[in-house]
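Everything below belongs to start-v1.csv, which stores CSV, C-alpha atoms and all ligand atoms.
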```csv
chain,number,residue,atom,x,y,z
B,1,MET,CA,4.2,17.3,-22.0
B,2,LYS,CA,7.3,15.1,-22.1
B,3,ILE,CA,6.8,12.6,-19.4
B,4,ALA,CA,9.3,10.0,-18.1
B,5,VAL,CA,7.3,7.0,-16.6
B,6,CYS,CA,9.6,5.3,-14.1
B,7,SER,CA,9.2,1.7,-12.8
B,8,ALA,CA,7.1,1.1,-15.9
B,9,GLN,CA,5.4,-2.3,-16.2
B,10,SER,CA,3.5,-3.7,-19.1
B,11,TYR,CA,0.1,-2.7,-17.5
B,12,ASP,CA,1.4,0.9,-17.0
B,13,ARG,CA,2.0,1.1,-20.7
B,14,GLU,CA,-1.3,-0.4,-21.6
B,15,PHE,CA,-3.5,1.8,-19.3
B,16,LEU,CA,-1.4,5.1,-19.7
B,17,LEU,CA,-1.3,4.7,-23.5
B,18,ALA,CA,-5.1,4.2,-23.6
B,19,ALA,CA,-5.7,7.2,-21.4
B,20,ASN,CA,-3.2,9.3,-23.4
B,21,HIS,CA,-5.3,9.0,-26.6
B,22,LYS,CA,-7.3,12.0,-25.3
B,23,ALA,CA,-4.5,13.7,-23.3
B,24,GLY,CA,-1.8,13.6,-26.1
B,25,HIS,CA,1.3,13.7,-24.0
B,26,GLU,CA,4.7,12.3,-25.0
B,27,LEU,CA,5.2,9.3,-22.8
B,28,VAL,CA,8.6,7.6,-22.4
B,29,PHE,CA,8.5,4.3,-20.5
B,30,LEU,CA,11.5,3.5,-18.3
B,31,GLU,CA,11.6,0.1,-16.6
B,32,SER,CA,14.1,1.1,-13.9
B,33,ARG,CA,13.2,2.4,-10.5
B,34,LEU,CA,14.1,6.1,-9.9
B,35,ASN,CA,16.7,6.6,-7.2
B,36,GLU,CA,20.2,8.2,-6.7
B,37,GLU,CA,21.8,5.7,-9.1
B,38,THR,CA,19.3,6.2,-11.9
B,39,GLN,CA,18.4,9.9,-11.6
B,40,ARG,CA,20.3,10.7,-14.9
B,41,MET,CA,17.7,8.6,-16.9
B,42,VAL,CA,15.1,11.4,-16.4
B,43,ALA,CA,17.3,14.3,-17.4
B,44,ASP,CA,15.4,16.9,-19.4
B,45,PHE,CA,12.0,15.6,-18.6
B,46,PRO,CA,9.8,18.4,-17.2
B,47,VAL,CA,7.4,15.7,-15.8
B,48,VAL,CA,8.5,12.5,-14.0
B,49,CYS,CA,5.8,10.0,-13.3
B,50,VAL,CA,6.7,7.6,-10.4
B,51,PHE,CA,5.3,4.7,-8.3
B,52,VAL,CA,5.5,3.4,-4.8
B,53,ASN,CA,9.1,2.2,-4.7
B,54,ASP,CA,10.8,5.0,-6.6
B,55,ILE,CA,12.9,7.0,-4.1
B,56,LEU,CA,12.6,10.8,-4.3
B,57,ASN,CA,14.8,11.9,-1.4
B,58,GLN,CA,16.5,15.3,-1.1
B,59,THR,CA,19.5,14.2,-3.3
B,60,VAL,CA,17.3,12.9,-6.1
B,61,LEU,CA,15.0,15.9,-6.0
B,62,GLN,CA,17.9,18.3,-6.1
B,63,ALA,CA,19.3,16.5,-9.2
B,64,LEU,CA,15.9,16.4,-10.9
B,65,ALA,CA,15.5,20.2,-10.3
B,66,ALA,CA,18.9,20.8,-11.9
B,67,GLN,CA,17.9,18.6,-14.8
B,68,GLY,CA,14.7,20.6,-15.5
B,69,THR,CA,12.0,18.6,-13.8
B,70,ARG,CA,9.1,20.7,-12.6
B,71,LEU,CA,6.4,18.2,-11.7
B,72,ILE,CA,6.4,14.8,-10.0
B,73,ALA,CA,3.2,12.9,-10.9
B,74,LEU,CA,2.7,10.0,-8.5
B,75,ARG,CA,0.5,7.3,-10.0
B,76,CYS,CA,-0.5,6.2,-6.5
B,77,ALA,CA,-2.2,7.6,-3.3
B,78,GLY,CA,0.7,7.2,-0.8
B,79,PHE,CA,3.5,9.7,-1.0
B,80,ASN,CA,5.9,8.4,1.8
B,81,ASN,CA,8.6,7.9,-0.8
B,82,VAL,CA,8.8,11.6,-1.7
B,83,ASP,CA,10.5,14.2,0.5
B,84,ILE,CA,7.8,16.7,0.1
B,85,GLN,CA,9.6,19.5,2.0
B,86,ALA,CA,12.7,19.1,-0.2
B,87,ALA,CA,10.5,19.1,-3.4
B,88,ALA,CA,9.1,22.5,-2.3
B,89,ARG,CA,12.6,23.9,-1.6
B,90,PHE,CA,13.6,22.9,-5.2
B,91,ALA,CA,10.4,24.3,-6.7
B,92,ILE,CA,9.2,20.9,-7.9
B,93,ARG,CA,5.4,20.4,-7.5
B,94,VAL,CA,4.1,17.0,-6.5
B,95,VAL,CA,0.7,15.6,-7.5
B,96,ARG,CA,-0.9,12.2,-6.8
B,97,VAL,CA,-4.0,10.1,-7.3
B,98,PRO,CA,-5.7,10.4,-3.9
B,99,ALA,CA,-8.8,8.5,-4.7
B,100,TYR,CA,-9.0,5.6,-7.2
B,101,SER,CA,-11.4,2.9,-6.3
B,102,PRO,CA,-10.7,2.3,-2.6
B,103,TYR,CA,-12.6,-0.9,-3.1
B,104,SER,CA,-9.6,-2.5,-5.0
B,105,VAL,CA,-7.4,-2.4,-1.8
B,106,ALA,CA,-10.3,-2.9,0.6
B,107,GLU,CA,-11.5,-6.1,-1.2
B,108,HIS,CA,-7.9,-7.4,-1.3
B,109,ALA,CA,-7.6,-6.9,2.5
B,110,VAL,CA,-10.8,-8.9,3.0
B,111,ALA,CA,-9.4,-11.5,0.5
B,112,LEU,CA,-6.4,-11.9,2.8
B,113,ILE,CA,-8.6,-12.2,5.9
B,114,LEU,CA,-10.8,-14.9,4.3
B,115,ALA,CA,-7.9,-16.8,2.7
B,116,LEU,CA,-5.9,-16.9,6.0
B,117,ASN,CA,-9.0,-17.8,8.1
B,118,ARG,CA,-10.2,-20.6,5.9
B,119,LYS,CA,-6.5,-21.6,5.0
B,120,ILE,CA,-7.2,-21.4,1.2
B,121,HIS,CA,-3.5,-21.2,0.5
B,122,LEU,CA,-2.9,-24.5,2.3
B,123,ALA,CA,-6.1,-26.2,0.9
B,124,TYR,CA,-5.1,-25.3,-2.6
B,125,ASN,CA,-1.8,-27.2,-2.4
B,126,ARG,CA,-3.4,-30.1,-0.5
B,127,VAL,CA,-6.1,-30.8,-3.1
B,128,ARG,CA,-3.5,-30.5,-5.9
B,129,ASN,CA,-1.5,-33.2,-4.1
B,130,GLY,CA,-4.6,-35.5,-3.8
B,131,ASN,CA,-4.7,-34.8,0.0
B,132,PHE,CA,-8.3,-34.2,1.0
B,133,ALA,CA,-7.8,-34.4,4.8
B,134,LEU,CA,-9.2,-31.5,6.8
B,135,PRO,CA,-7.1,-31.4,10.0
B,136,GLY,CA,-5.2,-28.2,10.1
B,137,LEU,CA,-7.7,-26.3,8.0
B,138,LEU,CA,-10.1,-25.3,10.8
B,139,GLY,CA,-11.4,-21.8,10.4
B,140,PHE,CA,-13.7,-19.5,12.4
B,141,GLU,CA,-16.8,-17.5,11.5
B,142,LEU,CA,-16.3,-13.8,11.0
B,143,ARG,CA,-19.8,-13.1,12.2
B,144,GLY,CA,-19.6,-11.6,15.7
B,145,ARG,CA,-15.8,-11.2,15.6
B,146,THR,CA,-14.2,-7.9,16.5
B,147,VAL,CA,-12.2,-6.2,13.8
B,148,GLY,CA,-10.0,-3.3,14.6
B,149,ILE,CA,-9.4,-0.9,11.7
B,150,ILE,CA,-6.4,1.5,12.0
B,151,GLY,CA,-7.0,4.4,9.6
B,152,THR,CA,-10.6,4.9,8.5
B,153,GLY,CA,-10.0,7.0,5.4
B,154,ARG,CA,-11.3,5.9,2.0
B,155,ILE,CA,-9.9,2.3,2.1
B,156,GLY,CA,-10.6,1.8,5.9
B,157,ASN,CA,-14.1,3.0,5.4
B,158,ALA,CA,-14.7,0.6,2.4
B,159,VAL,CA,-13.3,-2.3,4.6
B,160,ALA,CA,-15.7,-1.3,7.4
B,161,HIS,CA,-18.6,-1.5,5.0
B,162,ILE,CA,-17.6,-4.9,3.6
B,163,LEU,CA,-17.0,-6.4,7.1
B,164,HIS,CA,-20.2,-4.9,8.4
B,165,GLY,CA,-21.9,-7.1,5.8
B,166,PHE,CA,-20.2,-10.1,7.4
B,167,GLY,CA,-21.7,-9.2,10.8
B,168,CYS,CA,-18.4,-8.2,12.4
B,169,ARG,CA,-18.2,-5.9,15.4
B,170,LEU,CA,-16.1,-2.9,14.2
B,171,MET,CA,-13.7,-0.8,16.2
B,172,ALA,CA,-11.4,1.8,14.8
B,173,TYR,CA,-8.5,4.1,15.6
B,174,ASP,CA,-7.8,7.2,13.6
B,175,THR,CA,-6.6,10.7,14.3
B,176,VAL,CA,-9.8,11.9,12.6
B,177,GLN,CA,-13.2,10.2,12.9
B,178,ASN,CA,-15.0,9.4,9.7
B,179,THR,CA,-18.8,10.2,10.0
B,180,GLU,CA,-19.7,7.4,7.5
B,181,CYS,CA,-18.0,4.9,9.8
B,182,ILE,CA,-19.8,6.3,12.9
B,183,LYS,CA,-23.1,6.0,11.0
B,184,LEU,CA,-22.3,2.4,10.3
B,185,GLY,CA,-21.8,1.8,14.0
B,186,VAL,CA,-18.0,1.7,14.1
B,187,GLN,CA,-16.8,2.4,17.6
B,188,TYR,CA,-13.7,4.7,17.8
B,189,VAL,CA,-11.4,3.6,20.6
B,190,THR,CA,-7.8,4.2,21.7
B,191,LEU,CA,-5.0,2.1,20.1
B,192,HIS,CA,-4.6,0.2,23.4
B,193,GLU,CA,-8.4,-0.7,23.5
B,194,LEU,CA,-8.3,-1.7,19.8
B,195,TYR,CA,-5.2,-4.0,20.3
B,196,ALA,CA,-6.8,-5.6,23.4
B,197,ALA,CA,-10.2,-6.3,21.9
B,198,SER,CA,-9.6,-7.2,18.2
B,199,ASP,CA,-9.6,-10.7,16.8
B,200,ILE,CA,-8.5,-9.2,13.5
B,201,ILE,CA,-6.5,-5.9,13.0
B,202,THR,CA,-6.2,-4.4,9.6
B,203,LEU,CA,-4.0,-1.4,8.8
B,204,HIS,CA,-5.2,1.4,6.5
B,205,CYS,CA,-3.2,4.5,7.7
B,206,PRO,CA,-0.5,6.1,5.6
B,207,LEU,CA,3.2,5.7,6.5
B,208,ASN,CA,4.4,8.8,8.2
B,209,GLN,CA,6.5,9.8,11.2
B,210,GLN,CA,3.6,8.8,13.6
B,211,THR,CA,2.9,5.5,12.0
B,212,TYR,CA,6.4,4.2,11.3
B,213,HIS,CA,6.7,0.9,13.1
B,214,LEU,CA,3.4,1.5,14.8
B,215,ILE,CA,3.1,-2.3,15.1
B,216,ASN,CA,6.2,-2.9,17.2
B,217,THR,CA,6.9,-5.3,20.2
B,218,ALA,CA,4.9,-3.1,22.6
B,219,ALA,CA,1.9,-3.1,20.3
B,220,VAL,CA,2.1,-6.9,19.7
B,221,GLN,CA,2.2,-7.5,23.5
B,222,GLN,CA,-1.1,-5.7,23.9
B,223,MET,CA,-2.9,-7.8,21.3
B,224,LYS,CA,-5.1,-10.9,21.9
B,225,ALA,CA,-3.3,-14.3,21.6
B,226,GLY,CA,-4.0,-15.6,18.1
B,227,VAL,CA,-4.8,-12.3,16.6
B,228,MET,CA,-4.9,-11.9,12.8
B,229,LEU,CA,-2.9,-9.0,11.5
B,230,ILE,CA,-3.4,-7.6,8.0
B,231,ASN,CA,-1.3,-4.9,6.3
B,232,THR,CA,-2.2,-3.5,2.9
B,233,SER,CA,-1.0,0.0,3.7
B,234,ARG,CA,2.7,0.4,3.7
B,235,GLY,CA,5.4,-2.0,4.9
B,236,GLY,CA,7.1,0.5,7.2
B,237,VAL,CA,4.0,0.6,9.5
B,238,ILE,CA,5.1,-2.8,10.8
B,239,ASP,CA,8.3,-3.6,12.5
B,240,THR,CA,8.8,-7.0,10.8
B,241,GLN,CA,11.2,-8.4,13.4
B,242,ALA,CA,8.7,-7.7,16.1
B,243,VAL,CA,6.0,-9.5,14.1
B,244,ILE,CA,8.2,-12.5,13.5
B,245,ALA,CA,8.8,-12.7,17.2
B,246,GLY,CA,5.0,-12.5,17.7
B,247,LEU,CA,4.4,-15.3,15.2
B,248,LYS,CA,7.1,-17.5,16.9
B,249,ALA,CA,5.5,-17.0,20.3
B,250,ASN,CA,2.0,-17.9,18.8
B,251,LYS,CA,0.8,-14.4,19.9
B,252,ILE,CA,0.1,-13.6,16.2
B,253,GLY,CA,-2.0,-16.4,14.8
B,254,TYR,CA,-2.2,-15.1,11.2
B,255,LEU,CA,-0.4,-12.6,9.2
B,256,GLY,CA,-1.5,-11.2,5.8
B,257,LEU,CA,0.8,-8.8,4.0
B,258,ASP,CA,0.5,-7.0,0.7
B,259,VAL,CA,3.3,-4.7,1.6
B,260,TYR,CA,6.7,-5.1,3.2
B,261,GLU,CA,9.2,-2.6,4.5
B,262,GLN,CA,12.1,-3.7,2.2
B,263,GLU,CA,9.8,-4.5,-0.8
B,264,GLY,CA,11.6,-2.2,-3.1
B,265,ASP,CA,14.3,-4.9,-3.7
B,266,LEU,CA,11.7,-7.6,-4.3
B,267,PHE,CA,8.3,-6.7,-5.5
B,268,PHE,CA,7.1,-6.0,-9.1
B,269,GLN,CA,9.9,-8.2,-10.5
B,270,ASP,CA,10.2,-11.9,-11.5
B,271,LEU,CA,12.9,-13.2,-9.1
B,272,SER,CA,12.0,-16.9,-9.5
B,273,SER,CA,15.4,-17.9,-10.8
B,274,LYS,CA,17.3,-15.7,-8.3
B,275,VAL,CA,18.4,-16.4,-4.8
B,276,ILE,CA,16.5,-14.0,-2.5
B,277,GLN,CA,19.0,-12.2,-0.3
B,278,ASP,CA,16.5,-10.9,2.3
B,279,ASP,CA,16.6,-13.3,5.2
B,280,ILE,CA,13.8,-11.5,7.1
B,281,PHE,CA,11.4,-11.9,4.2
B,282,GLU,CA,12.5,-15.5,3.7
B,283,ARG,CA,11.8,-16.2,7.4
B,284,LEU,CA,8.3,-14.8,6.9
B,285,LEU,CA,7.7,-17.3,4.1
B,286,THR,CA,8.4,-20.3,6.4
B,287,PHE,CA,5.3,-19.7,8.5
B,288,HIS,CA,2.2,-21.7,7.5
B,289,ASN,CA,0.0,-18.9,8.8
B,290,VAL,CA,1.6,-16.1,6.8
B,291,LEU,CA,0.2,-15.1,3.4
B,292,ILE,CA,2.0,-12.5,1.4
B,293,THR,CA,1.1,-10.9,-1.9
B,294,GLY,CA,3.4,-8.6,-3.8
B,295,HIS,CA,1.7,-5.2,-3.5
B,296,GLN,CA,-1.3,-6.0,-5.7
B,297,GLY,CA,-4.0,-4.4,-3.6
B,298,PHE,CA,-4.4,-1.7,-6.2
B,299,PHE,CA,-4.3,-4.1,-9.1
B,300,THR,CA,-7.8,-4.1,-10.6
B,301,ASP,CA,-9.0,-3.1,-14.0
B,302,GLU,CA,-11.1,-0.3,-12.5
B,303,ALA,CA,-8.2,1.1,-10.4
B,304,LEU,CA,-5.6,1.0,-13.2
B,305,HIS,CA,-8.1,2.8,-15.5
B,306,SER,CA,-8.7,5.5,-12.9
B,307,ILE,CA,-5.0,5.9,-11.9
B,308,ALA,CA,-4.0,6.4,-15.6
B,309,GLN,CA,-6.9,8.8,-16.2
B,310,THR,CA,-6.2,11.0,-13.1
B,311,THR,CA,-2.4,10.9,-13.5
B,312,LEU,CA,-2.7,12.3,-17.0
B,313,GLU,CA,-5.4,14.8,-16.0
B,314,ASN,CA,-3.1,16.1,-13.2
B,315,ILE,CA,-0.4,16.6,-15.8
B,316,SER,CA,-2.7,18.3,-18.3
B,317,PHE,CA,-4.0,20.6,-15.7
B,318,PHE,CA,-0.5,21.7,-14.7
B,319,GLU,CA,0.4,22.2,-18.4
B,320,ARG,CA,-2.7,24.3,-19.0
B,321,THR,CA,-2.8,26.4,-15.8
B,322,GLY,CA,0.6,26.2,-14.2
B,323,GLN,CA,-1.4,25.1,-11.1
B,324,CYS,CA,-1.9,21.7,-9.5
B,325,GLN,CA,-4.9,19.6,-8.7
B,326,ASN,CA,-4.4,16.7,-6.3
B,327,GLU,CA,-1.2,18.4,-5.0
B,328,VAL,CA,0.8,16.9,-2.2
B,329,THR,CA,2.0,19.8,0.1
B,330,SER,CA,3.5,19.8,3.5
B,331,GLU,CA,0.0,20.5,4.9
B,332,LEU,CA,-0.8,16.8,4.2
B,333,LEU,CA,2.1,15.8,6.4
B,334,ARG,CA,0.4,17.1,9.6
B,401,LIG,P1,-6.8,8.2,3.2
B,401,LIG,O1,-6.0,9.4,3.2
B,401,LIG,O2,-8.2,8.3,2.6
B,401,LIG,O3,-7.0,7.6,4.6
B,401,LIG,C1,-5.9,7.4,5.5
B,401,LIG,C2,-6.5,7.5,6.9
B,401,LIG,O4,-5.4,7.3,7.9
B,401,LIG,C3,-7.1,8.9,7.3
B,401,LIG,O5,-8.4,8.8,7.8
B,401,LIG,C4,-6.1,9.5,8.3
B,401,LIG,O6,-6.7,10.4,9.2
B,401,LIG,C5,-5.6,8.2,8.9
B,401,LIG,N1,-4.4,8.4,9.7
B,401,LIG,C6,-3.4,9.3,9.4
B,401,LIG,N2,-2.5,9.2,10.4
B,401,LIG,C7,-2.9,8.3,11.3
B,401,LIG,C8,-2.4,7.7,12.5
B,401,LIG,N3,-1.2,8.2,13.0
B,401,LIG,N4,-3.0,6.7,13.1
B,401,LIG,C9,-4.2,6.3,12.6
B,401,LIG,N5,-4.8,6.8,11.4
B,401,LIG,C10,-4.1,7.7,10.8
B,401,LIG,O7,-6.0,7.1,2.4
B,401,LIG,P2,-6.5,5.7,1.7
B,401,LIG,O8,-6.8,6.0,0.3
B,401,LIG,O9,-7.5,5.1,2.6
B,401,LIG,O10,-5.2,4.8,1.7
B,401,LIG,C11,-4.6,4.4,2.9
B,401,LIG,C12,-3.2,3.9,2.7
B,401,LIG,O11,-3.3,2.7,1.9
B,401,LIG,C13,-2.3,4.8,1.8
B,401,LIG,O12,-1.7,5.8,2.5
B,401,LIG,C14,-1.4,3.9,1.1
B,401,LIG,O13,-0.2,3.8,1.9
B,401,LIG,C15,-2.1,2.5,1.2
B,401,LIG,N6,-2.4,2.0,-0.2
B,401,LIG,C16,-2.0,0.7,-0.5
B,401,LIG,C17,-2.3,0.2,-1.7
B,401,LIG,C18,-2.0,-1.2,-2.1
B,401,LIG,O14,-1.9,-1.5,-3.3
B,401,LIG,N7,-1.7,-2.1,-1.2
B,401,LIG,C19,-3.0,1.0,-2.7
B,401,LIG,C20,-3.4,2.3,-2.3
B,401,LIG,C21,-3.1,2.8,-1.0
```

Mind turning this structure into structure tokens?
Amino acid sequence: MKIAVCSAQSYDREFLLAANHKAGHELVFLESRLNEETQRMVADFPVVCVFVNDILNQTVLQALAAQGTRLIALRCAGFNNVDIQAAARFAIRVVRVPAYSPYSVAEHAVALILALNRKIHLAYNRVRNGNFALPGLLGFELRGRTVGIIGTGRIGNAVAHILHGFGCRLMAYDTVQNTECIKLGVQYVTLHELYAASDIITLHCPLNQQTYHLINTAAVQQMKAGVMLINTSRGGVIDTQAVIAGLKANKIGYLGLDVYEQEGDLFFQDLSSKVIQDDIFERLLTFHNVLITGHQGFFTDEALHSIAQTTLENISFFERTGQCQNEVTSELLR
């Protein structure tokens, strides 16, 4: 099928072209993000392949339907950037990659925990400057610490298994309990109990109406002083202003982010010669105890291979049968 690949990066080309040897689709790579301003670029493509910061709201979907698009193929797990109900109204089917190596994101979340705790980002710069002094680099042992996991699906479950190996006490909050986590000894508690008991809180729930700004001022107030907060899920789960206030008050002792609510204007681009206009993001960068990566949790060889493979399989299945595998329907919004 003729597929427009939006927000295409060099690695998207590399992995999709390799997977396409077998699938044989016509791939057209477009570097721009898809949104209301760029929707014309995908005119006449029956399949549009998108990523996390492409915006498929009602206006864009209506235009795409009129331009002949019948399938949106997300090359990611999250689908908060697509208005699923509007897609159904315009008879556009939506498929995604629900499960590609959850270990890629889980290991990145743990990398952020370890780096923040042992202050690797500060130590790296000190040693390069010939400064081998240790004050300011004091860490703590993970063994015996309480970690609160919000969202124990594929990634949260993988995080639980890794941190179990470190000897952490594991607590979780989810709307559905995961039997693998229960077997591991994870204790399901209320959000309030999780906030009050956790030394480290790590977010692995999707962004939806219930989780939008879940971490707000009221949530931060319930947390332990000096808590470490890690977000590798979606930026909108955190109210950034509330978290900045928590950092300034020393309530939040460490913040590790791989995602940011306004990341669409920043991430996946080289802006090193530009002036960053986002003052909230710039404020975050001033804290010594904040470590930010640019949405790279998924970025492993294994995950990219699996994402490319499943994305093209989803499209081939639609071409062959007119049906969808890995479909996102409004059922998943509940
Ligand atoms: P998943 O669907 O397997 O698990 C999500 C879990 O969150 C489920 O157990 C679900 O019941 C739970 N949940 C739903 N609503 C909740 C709520 N209100 N409160 C608490 N828990 C709730 O998804 P996954 O594969 O584990 O991925 C989790 C999220 O990670 C994705 O939605 C995506 O936003 C994010 N993600 C980030 C990256 C990255 O590169 N940083 C990559 C992949 C996924």

Counting only C-alpha atoms and all ligand atoms, which protein, DNA or RNA residues come within 7 Å of ligand LIG 401 (chain B), given as a PyMOL selection string? chain B and resi 76-78+98-99+102+105+150-156+173-176+178+204-207+210-211+232-234+258-259+295-299

Dump of C-alpha atoms for the selected residues, as a short mmCIF file (atom, residue, chain, number, x, y, z; two decimals), in the coordinates of the input:
```
data_model
loop_
_atom_site.label_atom_id
_atom_site.label_comp_id
_atom_site.auth_asym_id
_atom_site.auth_seq_id
_atom_site.Cartn_x
_atom_site.Cartn_y
_atom_site.Cartn_z
CA CYS B 76 -0.50 6.20 -6.50
CA ALA B 77 -2.20 7.60 -3.30
CA GLY B 78 0.70 7.20 -0.80
CA PRO B 98 -5.70 10.40 -3.90
CA ALA B 99 -8.80 8.50 -4.70
CA PRO B 102 -10.70 2.30 -2.60
CA VAL B 105 -7.40 -2.40 -1.80
CA ILE B 150 -6.40 1.50 12.00
CA GLY B 151 -7.00 4.40 9.60
CA THR B 152 -10.60 4.90 8.50
CA GLY B 153 -10.00 7.00 5.40
CA ARG B 154 -11.30 5.90 2.00
CA ILE B 155 -9.90 2.30 2.10
CA GLY B 156 -10.60 1.80 5.90
CA TYR B 173 -8.50 4.10 15.60
CA ASP B 174 -7.80 7.20 13.60
CA THR B 175 -6.60 10.70 14.30
CA VAL B 176 -9.80 11.90 12.60
CA ASN B 178 -15.00 9.40 9.70
CA HIS B 204 -5.20 1.40 6.50
CA CYS B 205 -3.20 4.50 7.70
CA PRO B 206 -0.50 6.10 5.60
CA LEU B 207 3.20 5.70 6.50
CA GLN B 210 3.60 8.80 13.60
CA THR B 211 2.90 5.50 12.00
CA THR B 232 -2.20 -3.50 2.90
CA SER B 233 -1.00 0.00 3.70
CA ARG B 234 2.70 0.40 3.70
CA ASP B 258 0.50 -7.00 0.70
CA VAL B 259 3.30 -4.70 1.60
CA HIS B 295 1.70 -5.20 -3.50
CA GLN B 296 -1.30 -6.00 -5.70
CA GLY B 297 -4.00 -4.40 -3.60
CA PHE B 298 -4.40 -1.70 -6.20
CA PHE B 299 -4.30 -4.10 -9.10
#
```

List as a PDB file with C-alpha atoms, keeping the file's coordinate frame the protein and nucleic acid residues near stretch 192-196 of chain B, meaning an atom at most 9 Å away when all atoms listed in the file are counted, but skip any in the same chain fewer than 3 places from it.
```
ATOM      1  CA  VAL B 147     -12.200  -6.200  13.800  1.00  0.00           C
ATOM      2  CA  GLY B 148     -10.000  -3.300  14.600  1.00  0.00           C
ATOM      3  CA  ILE B 149      -9.400  -0.900  11.700  1.00  0.00           C
ATOM      4  CA  ILE B 150      -6.400   1.500  12.000  1.00  0.00           C
ATOM      5  CA  MET B 171     -13.700  -0.800  16.200  1.00  0.00           C
ATOM      6  CA  ALA B 172     -11.400   1.800  14.800  1.00  0.00           C
ATOM      7  CA  TYR B 173      -8.500   4.100  15.600  1.00  0.00           C
ATOM      8  CA  TYR B 188     -13.700   4.700  17.800  1.00  0.00           C
ATOM      9  CA  VAL B 189     -11.400   3.600  20.600  1.00  0.00           C
ATOM     10  CA  ASP B 199      -9.600 -10.700  16.800  1.00  0.00           C
ATOM     11  CA  ILE B 201      -6.500  -5.900  13.000  1.00  0.00           C
ATOM     12  CA  ALA B 219       1.900  -3.100  20.300  1.00  0.00           C
ATOM     13  CA  VAL B 220       2.100  -6.900  19.700  1.00  0.00           C
ATOM     14  CA  GLN B 221       2.200  -7.500  23.500  1.00  0.00           C
ATOM     15  CA  GLN B 222      -1.100  -5.700  23.900  1.00  0.00           C
ATOM     16  CA  MET B 223      -2.900  -7.800  21.300  1.00  0.00           C
ATOM     17  CA  LYS B 224      -5.100 -10.900  21.900  1.00  0.00           C
TER      18      LYS B 224
END
```

Might you pull out every residue within 10 Å of B:Gly139, with only C-alpha atoms counted and same-chain residues fewer than 5 positions away left off, and present them as a list in words?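 Counting only C-alpha atoms, the residues come to Leu114, Ala115, Leu116, Asn117, Arg118 and Lys119 of chain B.
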
Just how far from atom CA of B:Asn216 is atom CA of B:Leu34, in Å to one decimal?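 Distance between the two atoms: 29.6 Å.
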
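Nearest to B:Ala106 of all the residues B:Thr202, B:Asn57, B:Ser306, B:Ser272 is B:Thr202, based on only C-alpha atoms.
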
Using all atoms listed in the file, which protein or nucleic acid residues come within 8 Å of B:Ile162? Drop anything in the same chain fewer than 4 positions from it, and give the result as a list in words.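 The filter keeps Glu107, Val110, Ala158 and Phe166 of chain B.
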
Tell me, in Å to one decimal, how far atom CA of B:Thr286 is from atom CA of B:Gly246.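 We find that atom CA of B:Thr286 and atom CA of B:Gly246 lie 14.1 Å from each other.
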
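With all atoms listed in the file as the basis for measurement, B:Leu71 is the residue among B:Leu255, B:Val60, B:Leu332, B:Leu71 that approaches B:Ile3 most closely.
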
Option closest in space to B:Leu134, from B:Leu122, B:Ala88, B:Ile252, B:Leu56 [counting all atoms listed in the file]: B:Leu122

Excluding same-chain residues fewer than 2 positions from B:Ser7, what lies within 6 Å of it counting all atoms listed in the file, as a CSV table (one decimal) with C-alpha atoms, in the coordinates of the input?
```
chain,number,residue,atom,x,y,z
B,31,GLU,CA,11.6,0.1,-16.6
B,32,SER,CA,14.1,1.1,-13.9
B,33,ARG,CA,13.2,2.4,-10.5
```

So which one's closest to B:Lys2, B:Gly165, B:Pro46, B:Gly226, B:Gly24? Using only C-alpha atoms, please.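 Checking each candidate against B:Lys2, we get B:Pro46 as the closest.
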
Best match for closeness to B:Phe15 among B:Glu261, B:Arg75, B:Val328, B:Asn231, counting all atoms listed in the file: B:Arg75

Given only C-alpha atoms as the basis, pick out the residue of B:Leu214, B:Asp54, B:Ile244, B:Glu36 nearest to B:Leu191.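 Nearest candidate to B:Leu191 out of B:Leu214, B:Asp54, B:Ile244, B:Glu36: B:Leu214.
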
Interatomic distance between atom CA of B:Glu319 and atom CA of B:Phe29? 19.8 Å

Just want the 12 Å neighbourhood of B:Phe317, counted on all atoms listed in the file, with same-chain residues fewer than 6 positions away dropped. Output as a PyMOL selection string. chain B and resi 1+23+71+73+95+310-311+323-327
